[in-house]
Each structure stands twice: as structure tokens, then as C-alpha cells.
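Below: target.cif (mmCIF, C-alpha atoms)
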data_structure
#
loop_
_atom_site.label_atom_id
_atom_site.label_comp_id
_atom_site.auth_asym_id
_atom_site.auth_seq_id
_atom_site.Cartn_x
_atom_site.Cartn_y
_atom_site.Cartn_z
CA MET A 268 0.00 0.00 0.00
CA LYS A 269 1.42 3.36 -1.05
CA SER A 270 1.90 5.85 1.76
CA ASP A 271 0.38 9.31 1.45
CA ASP A 272 3.19 11.77 2.09
CA ARG A 273 1.30 14.86 0.92
CA PRO A 274 1.14 17.86 3.27
CA ASP A 275 -1.80 17.72 5.67
CA PHE A 276 -3.53 20.72 4.03
CA ALA A 277 -3.65 18.78 0.75
CA LYS A 278 -5.27 15.79 2.47
CA ARG A 279 -7.84 18.06 4.11
CA LEU A 280 -8.53 19.76 0.78
CA GLU A 281 -9.16 16.40 -0.87
CA GLN A 282 -11.37 15.23 2.00
CA SER A 283 -13.43 18.40 1.98
CA ARG A 284 -13.92 18.06 -1.79
CA ILE A 285 -15.13 14.46 -1.37
CA ASP A 286 -17.39 15.41 1.56
CA ARG A 287 -18.93 18.13 -0.61
CA GLY A 288 -19.92 15.46 -3.13
CA PHE A 289 -17.32 15.86 -5.89
CA GLU A 290 -15.91 12.47 -6.84
CA THR A 291 -12.90 13.83 -8.69
CA ALA A 292 -10.78 16.98 -8.58
CA LYS A 293 -11.72 17.61 -12.20
CA ASP A 294 -15.42 17.57 -11.28
CA ALA A 295 -14.87 20.22 -8.61
CA ALA A 296 -12.67 22.39 -10.82
CA ARG A 297 -15.19 22.27 -13.64
CA TYR A 298 -18.14 23.08 -11.33
CA PHE A 299 -16.48 26.07 -9.69
CA GLY A 300 -14.68 27.32 -12.80
CA TRP A 301 -11.19 26.79 -11.41
CA LYS A 302 -8.16 26.04 -13.52
CA TYR A 303 -7.79 22.27 -13.13
CA GLU A 304 -3.99 22.23 -13.31
CA THR A 305 -3.74 24.70 -10.45
CA TYR A 306 -6.33 22.98 -8.30
CA ILE A 307 -4.87 19.48 -8.69
CA GLN A 308 -1.43 20.80 -7.75
CA HIS A 309 -2.97 22.16 -4.54
CA GLU A 310 -4.68 18.85 -3.81
CA GLN A 311 -1.48 16.95 -4.54
CA GLY A 312 0.45 19.27 -2.23
CA ILE A 313 2.82 20.44 -4.96
CA ARG A 314 1.82 24.06 -4.32
CA GLY A 315 0.64 25.76 -1.12
CA ILE A 316 -2.95 26.97 -0.90
CA GLY A 317 -2.43 30.16 1.09
CA ARG A 318 -4.03 32.58 -1.38
CA ALA A 319 -6.69 30.10 -2.54
CA ALA A 320 -7.69 28.78 0.90
CA ASP A 321 -10.58 31.21 1.36
CA ARG A 322 -12.01 30.33 -2.07
CA TYR A 323 -11.75 26.60 -1.42
CA ALA A 324 -13.17 26.89 2.09
CA LYS A 325 -16.26 28.70 0.82
CA ALA A 326 -16.75 26.28 -2.06
CA PHE A 327 -16.39 23.17 0.10
CA ARG A 328 -18.16 24.76 3.10
CA VAL A 329 -15.43 24.24 5.64
CA SER A 330 -13.58 26.79 7.74
CA GLU A 331 -10.50 28.36 6.23
CA GLY A 332 -8.58 27.84 9.46
CA TRP A 333 -9.27 24.12 9.45
CA LEU A 334 -8.29 23.80 5.82
CA LEU A 335 -4.97 25.55 6.44
CA THR A 336 -3.97 24.24 9.86
CA GLY A 337 -6.39 21.52 10.90
CA GLU A 338 -7.60 23.58 13.85
CA GLY A 339 -11.29 23.29 14.64
CA LYS A 340 -13.66 20.69 13.29
CA GLY A 341 -13.85 21.71 9.68
CA LYS A 342 -17.27 23.26 10.06
CA PRO A 343 -17.99 26.22 7.77
CA ASP A 344 -17.85 29.79 9.07
CA THR A 345 -20.53 30.75 6.56
CA VAL A 346 -23.14 29.05 4.40
CA PRO A 347 -24.63 30.18 1.08
CA LEU A 348 -27.44 32.72 1.41
CA LYS A 349 -29.75 31.66 -1.40
CA GLY A 350 -31.98 34.72 -1.34
CA LYS A 351 -35.39 35.57 0.11
CA VAL A 352 -38.28 33.28 0.92
CA GLY A 353 -41.84 34.59 0.90
CA ALA A 354 -43.80 34.81 4.11
CA GLY A 355 -46.63 36.91 2.74
CA GLN A 356 -44.89 38.12 -0.39
CA GLN A 357 -44.32 36.13 -3.54
CA VAL A 358 -40.64 35.52 -4.10
CA GLU A 359 -39.16 33.97 -7.22
CA ALA A 360 -37.05 30.85 -6.96
CA VAL A 361 -33.87 31.50 -5.03
CA ASP A 362 -32.34 28.03 -4.94
CA ASN A 363 -30.59 28.26 -8.30
CA GLY A 364 -27.18 29.42 -7.13
CA ASP A 365 -25.23 30.92 -4.30
CA MET A 366 -26.04 34.62 -3.94
CA ASP A 367 -24.14 35.64 -0.82
CA ASP A 368 -23.02 34.23 2.52
CA ALA A 369 -24.73 34.01 5.90
CA PRO A 370 -23.21 33.10 9.28
CA ALA A 371 -23.17 29.32 9.71
CA PRO A 372 -25.42 27.81 12.39
CA PRO A 373 -23.83 25.64 15.10
CA ASP A 374 -24.69 22.33 13.44
CA ALA A 375 -24.01 23.33 9.83
CA THR A 376 -23.24 20.58 7.35
CA PRO A 377 -21.78 20.90 3.83
CA ASP A 378 -25.39 21.00 2.53
CA THR A 379 -26.70 23.73 4.84
CA VAL A 380 -28.01 26.88 3.13
CA ALA A 381 -29.91 29.94 4.36
CA VAL A 382 -32.78 32.06 3.10
CA GLN A 383 -34.06 35.36 4.44
CA VAL A 384 -37.70 35.81 5.42
CA SER A 385 -39.60 38.41 3.38
CA GLY A 386 -43.08 39.43 4.56
CA ASP A 387 -45.06 38.96 7.78
CA SER A 388 -47.44 36.06 7.14
CA MET A 389 -45.46 33.89 9.57
CA PHE A 390 -45.21 36.63 12.23
CA PRO A 391 -44.70 36.52 15.19
CA THR A 392 -42.81 33.22 14.88
CA TYR A 393 -40.63 34.43 11.99
CA GLU A 394 -39.97 38.14 11.63
CA GLU A 395 -39.10 39.71 8.30
CA GLY A 396 -35.33 39.62 7.92
CA SER A 397 -34.85 36.44 9.97
CA LEU A 398 -32.60 33.77 8.48
CA ILE A 399 -33.95 30.25 8.00
CA TYR A 400 -31.48 27.41 7.55
CA TYR A 401 -32.15 24.07 5.86
CA SER A 402 -30.05 21.27 4.45
CA ARG A 403 -32.28 18.76 2.67
CA HIS A 404 -35.31 18.46 0.42
CA LEU A 405 -38.11 16.03 1.31
CA PRO A 406 -41.44 15.10 -0.23
CA PRO A 407 -44.19 17.30 1.25
CA SER A 408 -45.93 14.14 2.50
CA GLU A 409 -43.15 13.81 5.08
CA LEU A 410 -43.73 17.32 6.42
CA ILE A 411 -47.51 17.46 6.88
CA ASN A 412 -48.52 19.96 9.59
CA ARG A 413 -44.92 21.18 9.89
CA ARG A 414 -43.34 24.52 9.03
CA ALA A 415 -41.05 24.26 6.02
CA VAL A 416 -39.41 26.10 3.17
CA VAL A 417 -41.49 25.12 0.14
CA GLN A 418 -40.89 25.59 -3.57
CA LEU A 419 -43.94 25.41 -5.83
CA ALA A 420 -43.92 24.00 -9.33
CA ASP A 421 -44.19 27.57 -10.69
CA GLY A 422 -40.91 28.55 -8.99
CA ARG A 423 -42.27 30.57 -6.07
CA ILE A 424 -40.75 29.83 -2.68
CA PHE A 425 -42.55 30.27 0.63
CA LEU A 426 -42.14 29.65 4.32
CA LYS A 427 -45.41 27.98 5.33
CA VAL A 428 -47.11 25.19 7.24
CA ILE A 429 -47.83 22.26 4.91
CA ARG A 430 -51.39 20.87 4.97
CA PRO A 431 -53.00 18.23 2.73
CA GLY A 432 -54.83 19.56 -0.33
CA SER A 433 -58.03 18.34 -1.95
CA THR A 434 -56.23 15.43 -3.65
CA PRO A 435 -52.95 13.60 -2.94
CA ASP A 436 -51.23 15.61 -5.71
CA PHE A 437 -52.04 19.01 -4.21
CA TRP A 438 -51.06 20.79 -1.02
CA THR A 439 -52.36 23.72 0.99
CA LEU A 440 -49.88 26.18 2.49
CA GLN A 441 -50.96 27.88 5.69
CA SER A 442 -49.66 31.05 7.34
CA ILE A 443 -49.28 31.55 11.08
CA ASN A 444 -50.57 35.11 10.81
CA ALA A 445 -54.34 34.61 10.50
CA GLN A 446 -54.86 37.70 8.32
CA TYR A 447 -53.32 35.83 5.38
CA PRO A 448 -55.49 33.32 3.50
CA ASP A 449 -54.27 29.81 2.79
CA ILE A 450 -52.64 29.07 -0.55
CA GLU A 451 -54.83 26.17 -1.60
CA ASP A 452 -54.25 23.20 -3.89
CA VAL A 453 -50.81 23.92 -5.24
CA VAL A 454 -48.17 21.57 -6.63
CA VAL A 455 -45.11 21.45 -4.38
CA GLU A 456 -41.81 20.73 -6.11
CA TRP A 457 -39.86 20.30 -2.87
CA ALA A 458 -40.09 21.01 0.82
CA ALA A 459 -37.27 21.52 3.29
CA PRO A 460 -37.53 21.09 7.05
CA ILE A 461 -36.12 23.98 9.06
CA ASP A 462 -32.87 23.13 10.80
CA TRP A 463 -32.15 26.41 12.56
CA ILE A 464 -33.41 29.99 12.82
CA ARG A 465 -31.40 33.20 13.27
CA PRO A 466 -33.72 36.02 14.38
CA ARG A 467 -33.42 39.40 12.74
#
Rewritten as C-alpha cells:
Amino acid sequence: MKSDDRPDFAKRLEQSRIDRGFETAKDAARYFGWKYETYIQHEQGIRGIGRAADRYAKAFRVSEGWLLTGEGKGKPDTVPLKGKVGAGQQVEAVDNGDMDDAPAPPDATPDTVAVQVSGDSMFPTYEEGSLIYYSRHLPPSELINRRAVVQLADGRIFLKVIRPGSTPDFWTLQSINAQYPDIEDVVVEWAAPIDWIRPR
């Protein structure tokens, strides 16, 4: 068995790439638009990653300090802020790409993302400007009567309580603030349980 004598930062870089779901270095370089020759030299430990560490840490959702020195647990300092989610207002799909960064919650994983609440239909539980964190998509049938981030088939995204619709193919989205009517019989593309909340 061949020993791995690469520098520790290179091993951590490779591990963070694998944990983020990229099977090969070429896959990661292509996805993020990096020059493959440069990236593979970093992962092989041929070149140091000092100037690129911040970029890699954000892409692989680990802390820069851990990537460079191994200190900490490799949890990200920030997570992608995908945009705004409607709680009374209609908001177009935000889950199509990273828009900005938000502070990472305590139990962040490589898949954790954040959205910002827009509107007051879920007030007082969720104020406008609060950050909602989620990390996985589930069928709406697994989140009945629970609060969730929900994307409809038409691309709108809401923060609502999921209720059964008139048929098994449709769902009703309910607000906490009683002045807002239910959004009845809509097709839900995905639903995401809420992992953590950061008040405004």
C-alpha cells in the first residue's frame, strides 16, 4: 500500500472536496470554474494553498482555518445565502445558485443553506429579515402539519405550514398570521424542514 506523504492541508482539501460530493478533482474544478492544473497541484500538495484557501473553504463549506492548519472541526464559518423566501410576499425561486453568505449555524453541514424571510405572514414566529437554515429536500408528505421552506412548481418559494390539499397531488400552504389566507391546492416541487433559525 502506497503511503500518502502529501502535506496535511492537501489531504484536508481532498477530503473536503469528497465530503462536498465531488468524486474527482476535475469535477470540482469544472463546477467552480477553477483552472484544473492549479487545483490538482494544490490537492497533490505540490503548491501551497495560502491565497486560494478562502475560495476553497467557501466552495467546500469548511472553515479556512481548518483547511490551512487543521484547527477546529472543519465546520464552515458561513453558508450560502440563497436569497429571500416569501412569508406573505411572492418571491421567485432563489435556490438556483449561491447569492451571498450568511453566518453558519452551530450544526451546519456541507449541505446547509440559508434564506431570508420576506413578509409577515409567519409573524410573530418568523420576523421579516430572519434567516432560515435548511439542508435537505423532502417530499411534502413527510412534512404534513410542519413549518417548512417550500418551492412550488411555478418557482415561487414560501415559508409555510404544509397541509393536505383536496387530492394527494395538491397541497395547501398555511400562514401563522391569521390575516393571510391559505394558498390552496398547489403543486409542491420540494419542501425543506427547518434546521435552525437566526432572528433578525
**Report entry** atom CA of Glu290 of chain A to atom CA of Arg328 of chain A, distance in Å rounded to a single decimal
**Finding:**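 Between these atoms lies a distance of 16.0 Å.
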Requested in this report: Could you state which residues are captured by the PyMOL selection byres ((chain A and resi 369) around 7) in this file, as a ChimeraX atom specification?
Outcome: /A:345-348,367-368,370-371,381
Return as a CSV table (one decimal) with C-alpha atoms, in the frame of the given file the set of residues that the PyMOL selection byres ((chain A and resi 344) around 12) yields on the displayed structure.
chain,number,residue,atom,x,y,z
A,321,ASP,CA,-10.6,31.2,1.4
A,324,ALA,CA,-13.2,26.9,2.1
A,325,LYS,CA,-16.3,28.7,0.8
A,326,ALA,CA,-16.8,26.3,-2.1
A,327,PHE,CA,-16.4,23.2,0.1
A,328,ARG,CA,-18.2,24.8,3.1
A,329,VAL,CA,-15.4,24.2,5.6
A,330,SER,CA,-13.6,26.8,7.7
A,331,GLU,CA,-10.5,28.4,6.2
A,332,GLY,CA,-8.6,27.8,9.5
A,333,TRP,CA,-9.3,24.1,9.4
A,334,LEU,CA,-8.3,23.8,5.8
A,339,GLY,CA,-11.3,23.3,14.6
A,340,LYS,CA,-13.7,20.7,13.3
A,341,GLY,CA,-13.8,21.7,9.7
A,342,LYS,CA,-17.3,23.3,10.1
A,343,PRO,CA,-18.0,26.2,7.8
A,345,THR,CA,-20.5,30.8,6.6
A,346,VAL,CA,-23.1,29.0,4.4
A,347,PRO,CA,-24.6,30.2,1.1
A,368,ASP,CA,-23.0,34.2,2.5
A,369,ALA,CA,-24.7,34.0,5.9
A,370,PRO,CA,-23.2,33.1,9.3
A,371,ALA,CA,-23.2,29.3,9.7
A,372,PRO,CA,-25.4,27.8,12.4
A,373,PRO,CA,-23.8,25.6,15.1
A,374,ASP,CA,-24.7,22.3,13.4
A,375,ALA,CA,-24.0,23.3,9.8
A,376,THR,CA,-23.2,20.6,7.4
A,377,PRO,CA,-21.8,20.9,3.8
A,379,THR,CA,-26.7,23.7,4.8
Report task. With the file shown as input, list the residues that the PyMOL selection byres ((chain A and resi 298) around 12) selects, as a list in words. Result -> Arg284, Arg287, Gly288, Phe289, Glu290, Thr291, Ala292, Lys293, Asp294, Ala295, Ala296, Arg297, Phe299, Gly300, Trp301, Lys302, Tyr303, Ala326, Phe327 and Gly364 of chain A
Query raised in the report: Which of these residues is nearest to Ser397 of chain A, using all atoms listed in the file: A:Pro448, A:Gly432, A:Gly312, A:Gly350?
Result: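 Using all atoms listed in the file, the shortest distance to Ser397 of chain A belongs to A:Gly350.
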Query - Residue with smallest distance to Ile429 of chain A - pool A:Val416, A:Val453, A:Leu280, A:Ile411, counting only C-alpha atoms - result: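 Once distances to Ile429 of chain A are computed over only C-alpha atoms, the minimum belongs to A:Ile411.
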Query raised in the report: For the atom pair atom CA of Glu451 of chain A and atom CA of Ser408 of chain A, what is the interatomic distance in Å to one decimal place?
Result: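 About the pair atom CA of Glu451 of chain A and atom CA of Ser408 of chain A: they are 15.5 Å apart.
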Query - Straight-line distance linking atom CA of Ala420 of chain A with atom CA of Asp378 of chain A, stated in Å to one decimal - result: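 Result for atom CA of Ala420 of chain A versus atom CA of Asp378 of chain A: 22.2 Å, one decimal.
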Requested in this report: Enumerate, as JSON, numbers by chain, the protein, DNA and RNA residues whose atoms approach (2.2, 17.6, 6.0) to within 12 Å, taking into account only C-alpha atoms and the coordinate frame of the file.
Outcome: {"A": [271, 272, 273, 274, 275, 276, 277, 278, 279, 311, 312, 313, 315, 335, 336, 337]}
Query raised in the report: Skipping near chain neighbours, those fewer than 6 positions away, what residues fall within 7 Å of Leu398 of chain A using only C-alpha atoms, listed as a PyMOL selection string?
Result: chain A and resi 381-384+464-466
